[in-house]
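Structure record follows, encoded as structure tokens.
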Amino acid sequence: MRYVTNLPYETKEEEHVTIPMSDGVRLSAHIWRPASSDQEPVPAVLEYIPYRKRDLTAVRDSIHHPYLAGHGYACVRVDLRGTGDSEGVLRDEYLEREQADAEEILAWLAEQPWCDGGTGMMGISWGAFAALQVAARRPPSLKAIAIASFTDDRHADDMHYMGGALLSDNLAEAGTMFAYGTCPPDPAVVGERWRAMWHERLENTEPWVLEWLRHQRRDDYWRHASVCEDYTSVRCPVLASSGWADGYSNAVTRLLGNLDVPRKGLIGPWSHKFPHLGEPGPAIGYLQELVRWWDHWLKGVDNGVMDGPMLQAWMQDSVPPSTSYEERPGRWVGEPHWPSPHIRPETHPLTRHTIGPAQDATAAPSEGGAAMTVRSPLSVGQFAGKWASYNAPPDLPYDQREEDGGSLVFDSEPLTEPVEILGSPSVELDLSVSEPVALVAARLSDVSPDGAATRVSYGILNLTRRDSTESPEPLEPGRRYRATIPLNGVAQAFPPGHRIRLSLSTSYWPLAWPAPKPALLSVHEHSSTLTLPVRPLDEPDEVPSSPFGEPEGTPPLAMTQVTPPEERWDVKRDLIDYRSELDIVKDRGTVRFEDIGLEAGRRAHERYTVVADDFTSVGGETTWTMRFRRDDWDVKVVTHTRLTCDETDFFVDATLDAYEADRRVFSRTWNETVPRDLL
């Protein structure tokens with residue numbers, strides 16, 4: 001990244017500004033704005049997240065907020081209620097109170113003498129969720145949003161219930177917020193009130209995984225703040241981006257296809273990162289794109305930001321399987337609209353071990369055909385990587401050949417010419433199962449001539465939700481059903497000599513929680529199909545070869561690494577007791593923020609276990625340690641959550657411990673049972 005200091009506007013910074021809410025709670029804001037805004041008001045851009053602006057996101061914030069401020073904007077970073085230095089308690093994600101607070105913040109910003117009355121919202125992940133959800137509420141000052149790595153569907157396309165199947169990231173993300181939501185504010189900011197504010201959080205926090213498990217169907221809990229329920233509610237322009245390695249690779253194209261506002265889409269090869277910090281690379285000059293976006297929509301500059309294709313996407317070249325990449329080779333392609341007139345769906349019948357030649361997509365599938373069967377071991381999925389890659393530790397899927405040993409596998413013939421796909425593949429199965437509850441995982445892989453298999457995309461379906469996630473129904477063993485499994489969107493090139501592989505399995509642990517019992521899946525050939533969104537090779541790319549500038553930002557905040565970080569991703573198998581384990585450590589070590597003299601440490605440890613093929617032996621646990629130190633102030637929070645099950649219930653055991661100078665000052669334990677609902 002190129003760090004720049006010579007910007008069009010000299011800026012000023014206010015590190016802790018309190019914004020009053022209507023119920024008396026005060027939220028803490030960090031504001032960067034042009035010094036000239038005291039005389040010449042500017043638009044304000046809000047980022048609104050729970051991840052602690054004073055320390056844990058301070059380095060990241062220092063790269064892009066001063067940059068945007070130096071281009072003529074008041075950039076405002078607010079800690080959500082109950083996080084960082086804001087008052088109150090954070091009880092769950094995306095609640096009505098959170099969105100009402102955001103509306104009040106925007107109204108407050110619009111009234112400030114340094115703001116011209118216009119506002120925007122930006123962010124990644126939670127910040128992007130917040131911006132999209134608030135846009136659907138149409139606050140009067142909000143003129144545009146820019147969002148990265150998000151979803152418009154909280155139930156089916158977030159870390160909770162992919163295809164109606166419970167994801168292990170449901171537990172992992174709950175563990176993350178269990179830790180972040182129970183950390184104290186900084187006494188240097190809030191004064192002696194810090195301890196009372198901290199204990200209010202500790203005493204009123206419950207592990208979020210409990211609430212998420214209480215809603216296993218798509219109900220009003222998930223419909224709330226899911227913009228897909230009413231796309232017409234969004235009336236402001238939207239710049240949407242994500243990455244193919246992210247868990248959120250689908251929502252960009254859904255917004256492009258369903259919104260009726262000015263909109264642009266951008267999808268790179270990245271994991272869960274801002275595009276200017278994108279990993280795997282290439283990262284792009286995203287902040288320059290934001291300046292153009294805000295200049296047009298907040299300042300009325302006629303700069304052509306809406307020219308060119310609606311969607312720009314990174315067409316990924318073939319690569320060997322790896323859990324991490326520094327760069328993904330490929331090129332940028334553009335589509336004028338979405339759905340694109342360039343994309344041609346090609347439907348291929350599944351015959352014994354073979355993906356057949358393309359057939360007319362409008363033709364009815366042929367009936368009959370022999371049944372192919374599989375009952376996958378629980379080891380299928382150990383090389384699946386994370387639902388959403390953060391690229392640290394290396395967490396992308398590894399070589400799929402071992403996974404394929406427990407799957408039904410269908411290969412194309414070796415390709416005689418390149419094939420490129422852009423969009424969401426899908427699998428339609430004519431199937432029967434031996435149990436009333438079962439899932440199917442479908443994986444699309446690029447298989448090289450030496451046999452190495454790189455996963456390109458995948459999808460999961462809880463078959464009890466094949467027709468409805470609101471009203472699931474148990475399966476009748478032996479009865480034939482038709483079920484469609486959508487796979488995650490992707491742009492991928494398959495070279496000549498390679499094969500395209502579809503793999504089907506009845507387990508995908510630990511990425512997805514398995515069914516209560518192992519199920520035998522029967523798939524009928526000829527009447528089961530794979531549909532690929534093919535982008536013909538003769539279609540123009542619609543974009544220059546290098547449409548974006550070099551990544552740039554302002555110099556990051558000074559930080560010293562006091563103790564080293566640790567990353568680990570271990571797959572273990574004991575062939576005596578047949579216990580398998582995935583052990584993940586993500587330890588940031590201890591860092592010192594030199595400007596405020598604060599040391600902060602974060603360590604996350606996830607473990608997922610199973611014994612042989614006992615579907616009720618699966619278990620997941622997540623442990624977080626958060627520590628903050630300055631002079632004689634030394635505080636620590638340790639959270640632990642464990643999720644286990646039997647055939648009828650989930651069991652949640654959790655602990656929360658808080659320490660001052662290694663003396664425990666708070667402790668609480670939860671032991672809860674939540675019934676399984678056809679899951």
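Each chain in the structure tokens gets a letter, A, B and so on, in the order shown; residues start at 1 in every chain, and ligands are counted from 1 in the order they appear.
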
So that each row is one residue of region 278-326 of chain A with an atom at most 10 Å from region 440-447 of chain A, can you give its shortest atom pair and the distance in Å to one decimal, using only C-alpha atoms, rows by chain and rising number, as a Markdown table?
| residue | atom | partner | partner_atom | distance |
| --- | --- | --- | --- | --- |
| A:Ser318 | CA | A:Asp446 | CA | 7.3 |
| A:Val319 | CA | A:Asp446 | CA | 8.6 |
| A:Pro320 | CA | A:Asp446 | CA | 8.9 |
| A:Pro321 | CA | A:Asp446 | CA | 9.2 |

Include N, CA and C atoms and write out the residues we just selected as a JSON list (two decimals), in the first residue's frame.
[["chain", "number", "residue", "atom", "x", "y", "z"],
["A", 318, "SER", "N", -7.04, -20.73, -12.85],
["A", 318, "SER", "CA", -6.84, -21.99, -12.14],
["A", 318, "SER", "C", -5.58, -21.91, -11.28],
["A", 319, "VAL", "N", -5.66, -22.43, -10.04],
["A", 319, "VAL", "CA", -4.51, -22.48, -9.14],
["A", 319, "VAL", "C", -4.50, -23.83, -8.44],
["A", 320, "PRO", "N", -3.32, -24.30, -8.02],
["A", 320, "PRO", "CA", -3.29, -25.53, -7.21],
["A", 320, "PRO", "C", -3.97, -25.29, -5.87],
["A", 321, "PRO", "N", -4.47, -26.34, -5.22],
["A", 321, "PRO", "CA", -5.12, -26.15, -3.92],
["A", 321, "PRO", "C", -4.14, -25.67, -2.86]]

Filtered DSSP result for region 275-425 of chain A, state alpha helix (DSSP H), as number ranges by chain: A: 286-299, 401-404

Surrounding residues of Arg33 (chain A) excluding itself and chain neighbours under 4 positions, 7 Å, only C-alpha atoms, as a PyMOL selection string: chain A and resi 11-13+37+69+73-75

A:Pro43, A:Leu256, A:Arg193, A:Tyr481 ranked by distance to His296 (chain A), top pick (using only C-alpha atoms):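 Using only C-alpha atoms, the shortest distance to His296 (chain A) belongs to A:Pro43.
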
Contacts of Arg195 (chain A) within 12 Å, only C-alpha atoms, excl. fewer than 2 positions in-chain, as a PyMOL selection string: chain A and resi 85+87+182-187+190-193+197-202+633+635+658-660+665-666

Could you please take those selected residues and save N, CA, C and O atoms as a JSON list (two decimals), in the first residue's frame?
[["chain", "number", "residue", "atom", "x", "y", "z"],
["A", 85, "ASP", "N", -16.19, 2.79, 24.06],
["A", 85, "ASP", "CA", -16.41, 3.84, 25.05],
["A", 85, "ASP", "C", -17.83, 4.38, 25.04],
["A", 85, "ASP", "O", -18.10, 5.42, 25.64],
["A", 87, "GLU", "N", -21.85, 4.11, 26.09],
["A", 87, "GLU", "CA", -22.62, 3.61, 27.23],
["A", 87, "GLU", "C", -23.59, 2.52, 26.79],
["A", 87, "GLU", "O", -23.83, 2.31, 25.60],
["A", 182, "THR", "N", -18.27, -7.76, 26.25],
["A", 182, "THR", "CA", -18.07, -7.74, 27.70],
["A", 182, "THR", "C", -16.77, -7.06, 28.11],
["A", 182, "THR", "O", -16.38, -7.11, 29.27],
["A", 183, "CYS", "N", -16.09, -6.40, 27.16],
["A", 183, "CYS", "CA", -14.88, -5.66, 27.48],
["A", 183, "CYS", "C", -15.23, -4.29, 28.08],
["A", 183, "CYS", "O", -16.27, -3.72, 27.76],
["A", 184, "PRO", "N", -14.34, -3.75, 28.90],
["A", 184, "PRO", "CA", -14.64, -2.46, 29.54],
["A", 184, "PRO", "C", -14.32, -1.29, 28.65],
["A", 184, "PRO", "O", -13.51, -1.40, 27.71],
["A", 185, "PRO", "N", -14.90, -0.13, 28.93],
["A", 185, "PRO", "CA", -14.45, 1.10, 28.29],
["A", 185, "PRO", "C", -13.10, 1.52, 28.86],
["A", 185, "PRO", "O", -12.63, 0.96, 29.85],
["A", 186, "ASP", "N", -12.50, 2.51, 28.25],
["A", 186, "ASP", "CA", -11.19, 2.99, 28.67],
["A", 186, "ASP", "C", -11.37, 4.09, 29.73],
["A", 186, "ASP", "O", -12.00, 5.12, 29.46],
["A", 187, "PRO", "N", -10.79, 3.90, 30.93],
["A", 187, "PRO", "CA", -10.92, 4.95, 31.96],
["A", 187, "PRO", "C", -10.34, 6.29, 31.53],
["A", 187, "PRO", "O", -10.79, 7.34, 32.01],
["A", 190, "VAL", "N", -13.62, 7.64, 29.70],
["A", 190, "VAL", "CA", -14.89, 7.79, 30.43],
["A", 190, "VAL", "C", -14.70, 8.10, 31.90],
["A", 190, "VAL", "O", -15.67, 8.36, 32.61],
["A", 191, "GLY", "N", -13.46, 8.05, 32.40],
["A", 191, "GLY", "CA", -13.20, 8.39, 33.80],
["A", 191, "GLY", "C", -13.58, 7.28, 34.76],
["A", 191, "GLY", "O", -13.60, 6.09, 34.40],
["A", 192, "GLU", "N", -13.90, 7.67, 35.99],
["A", 192, "GLU", "CA", -14.17, 6.69, 37.04],
["A", 192, "GLU", "C", -15.43, 5.86, 36.79],
["A", 192, "GLU", "O", -15.65, 4.86, 37.47],
["A", 193, "ARG", "N", -16.23, 6.27, 35.84],
["A", 193, "ARG", "CA", -17.44, 5.48, 35.54],
["A", 193, "ARG", "C", -17.12, 4.16, 34.87],
["A", 193, "ARG", "O", -18.00, 3.33, 34.68],
["A", 197, "MET", "N", -19.75, 0.98, 34.19],
["A", 197, "MET", "CA", -20.16, 0.68, 32.82],
["A", 197, "MET", "C", -19.79, -0.76, 32.46],
["A", 197, "MET", "O", -20.56, -1.47, 31.80],
["A", 198, "TRP", "N", -18.60, -1.18, 32.89],
["A", 198, "TRP", "CA", -18.15, -2.55, 32.60],
["A", 198, "TRP", "C", -19.06, -3.57, 33.25],
["A", 198, "TRP", "O", -19.52, -4.53, 32.60],
["A", 199, "HIS", "N", -19.38, -3.38, 34.53],
["A", 199, "HIS", "CA", -20.20, -4.37, 35.22],
["A", 199, "HIS", "C", -21.63, -4.38, 34.69],
["A", 199, "HIS", "O", -22.30, -5.43, 34.72],
["A", 200, "GLU", "N", -22.11, -3.26, 34.19],
["A", 200, "GLU", "CA", -23.42, -3.27, 33.54],
["A", 200, "GLU", "C", -23.39, -4.21, 32.34],
["A", 200, "GLU", "O", -24.34, -4.98, 32.11],
["A", 201, "ARG", "N", -22.31, -4.19, 31.58],
["A", 201, "ARG", "CA", -22.18, -5.09, 30.43],
["A", 201, "ARG", "C", -22.07, -6.53, 30.89],
["A", 201, "ARG", "O", -22.73, -7.44, 30.34],
["A", 202, "LEU", "N", -21.23, -6.79, 31.88],
["A", 202, "LEU", "CA", -21.02, -8.15, 32.36],
["A", 202, "LEU", "C", -22.31, -8.76, 32.89],
["A", 202, "LEU", "O", -22.62, -9.93, 32.63],
["A", 633, "TRP", "N", -3.71, 0.03, 35.55],
["A", 633, "TRP", "CA", -5.01, -0.49, 35.08],
["A", 633, "TRP", "C", -4.74, -1.75, 34.27],
["A", 633, "TRP", "O", -4.06, -1.71, 33.24],
["A", 635, "VAL", "N", -6.95, -5.18, 33.08],
["A", 635, "VAL", "CA", -8.22, -5.90, 33.08],
["A", 635, "VAL", "C", -8.20, -7.00, 32.03],
["A", 635, "VAL", "O", -7.49, -6.90, 31.02],
["A", 658, "ALA", "N", -14.28, -12.22, 34.50],
["A", 658, "ALA", "CA", -13.63, -10.92, 34.34],
["A", 658, "ALA", "C", -12.65, -10.71, 35.49],
["A", 658, "ALA", "O", -12.92, -11.10, 36.64],
["A", 659, "TYR", "N", -11.51, -10.09, 35.17],
["A", 659, "TYR", "CA", -10.42, -9.95, 36.13],
["A", 659, "TYR", "C", -9.92, -8.51, 36.15],
["A", 659, "TYR", "O", -9.86, -7.84, 35.13],
["A", 660, "GLU", "N", -9.54, -8.07, 37.34],
["A", 660, "GLU", "CA", -8.75, -6.86, 37.52],
["A", 660, "GLU", "C", -7.44, -7.28, 38.17],
["A", 660, "GLU", "O", -7.45, -7.87, 39.26],
["A", 665, "VAL", "N", -13.18, -10.70, 39.37],
["A", 665, "VAL", "CA", -14.16, -9.78, 39.95],
["A", 665, "VAL", "C", -15.57, -10.07, 39.47],
["A", 665, "VAL", "O", -16.53, -9.47, 39.96],
["A", 666, "PHE", "N", -15.70, -11.00, 38.51],
["A", 666, "PHE", "CA", -17.03, -11.37, 38.02],
["A", 666, "PHE", "C", -16.95, -12.76, 37.42],
["A", 666, "PHE", "O", -15.97, -13.10, 36.75]]

Which of region 164-375 of chain A DSSP labels strand (DSSP E), written as a ChimeraX atom specification: /A:165-166,238-243,263-268,311-316,330-335,344-351,354-355,371-374

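Using only C-alpha atoms for every distance, the candidate list A:Ser340, A:Ser434, A:Ser322, A:Ser412 yields A:Ser322 as the residue closest to Arg455 (chain A).
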
Residues near Val637 (chain A), cut-off 6 Å, only C-alpha atoms, skip fewer than 2 positions along chain, as a PyMOL selection string: chain A and resi 625-626+657-658

Could the residues in this selection be written to a file with C-alpha atoms, as a PDB file, in the first residue's frame?
ATOM      1  CA  THR A 625      -9.144 -13.895  26.104  1.00  0.00           C
ATOM      2  CA  MET A 626      -9.153 -10.083  25.894  1.00  0.00           C
ATOM      3  CA  ASP A 657     -14.947 -14.446  33.849  1.00  0.00           C
ATOM      4  CA  ALA A 658     -13.631 -10.921  34.342  1.00  0.00           C
TER       5      ALA A 658
END

Residue nearest Leu643 (chain A) among A:Trp624, A:Trp670, A:Tyr180, A:Tyr51 (counting only C-alpha atoms): A:Trp670

All residues 10 Å or closer to Gly175 (chain A), only C-alpha atoms, same chain fewer than 4 positions away omitted, as an NGL selection string: :A and (169-171 or 179-181 or 207-209 or 604-606 or 621-624 or 639-642 or 654)

Distance criterion (only C-alpha atoms): nearest to Ser528 (chain A) out of A:Val419, A:Leu431, A:Leu167, A:Ala558: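 Smallest distance to Ser528 (chain A) is found for A:Leu431.
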
Two-atom distance - CA of Leu521 (chain A), CA of Glu647 (chain A) (Å): 19.0 Å

Best match for closeness to Pro341 (chain A) among A:Ser507, A:Thr464, A:Glu206, A:Leu422, counting only C-alpha atoms: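 Selected residue with least distance to Pro341 (chain A): A:Leu422.
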
Among listed residues A:Ile63, A:Leu27, A:Ala58, A:Val611, nearest Pro556 (chain A) (using only C-alpha atoms): A:Ile63

Who sits within 12 Å of Arg54 (chain A), only C-alpha atoms, same chain under 6 positions skipped, as a ChimeraX atom specification: /A:14-16,28-31,60-62,77-79,83-86,184-190,557,593-600,628

Between CA of Pro345 (chain A) and CA of Pro496 (chain A), distance in Å (one decimal): 19.9 Å
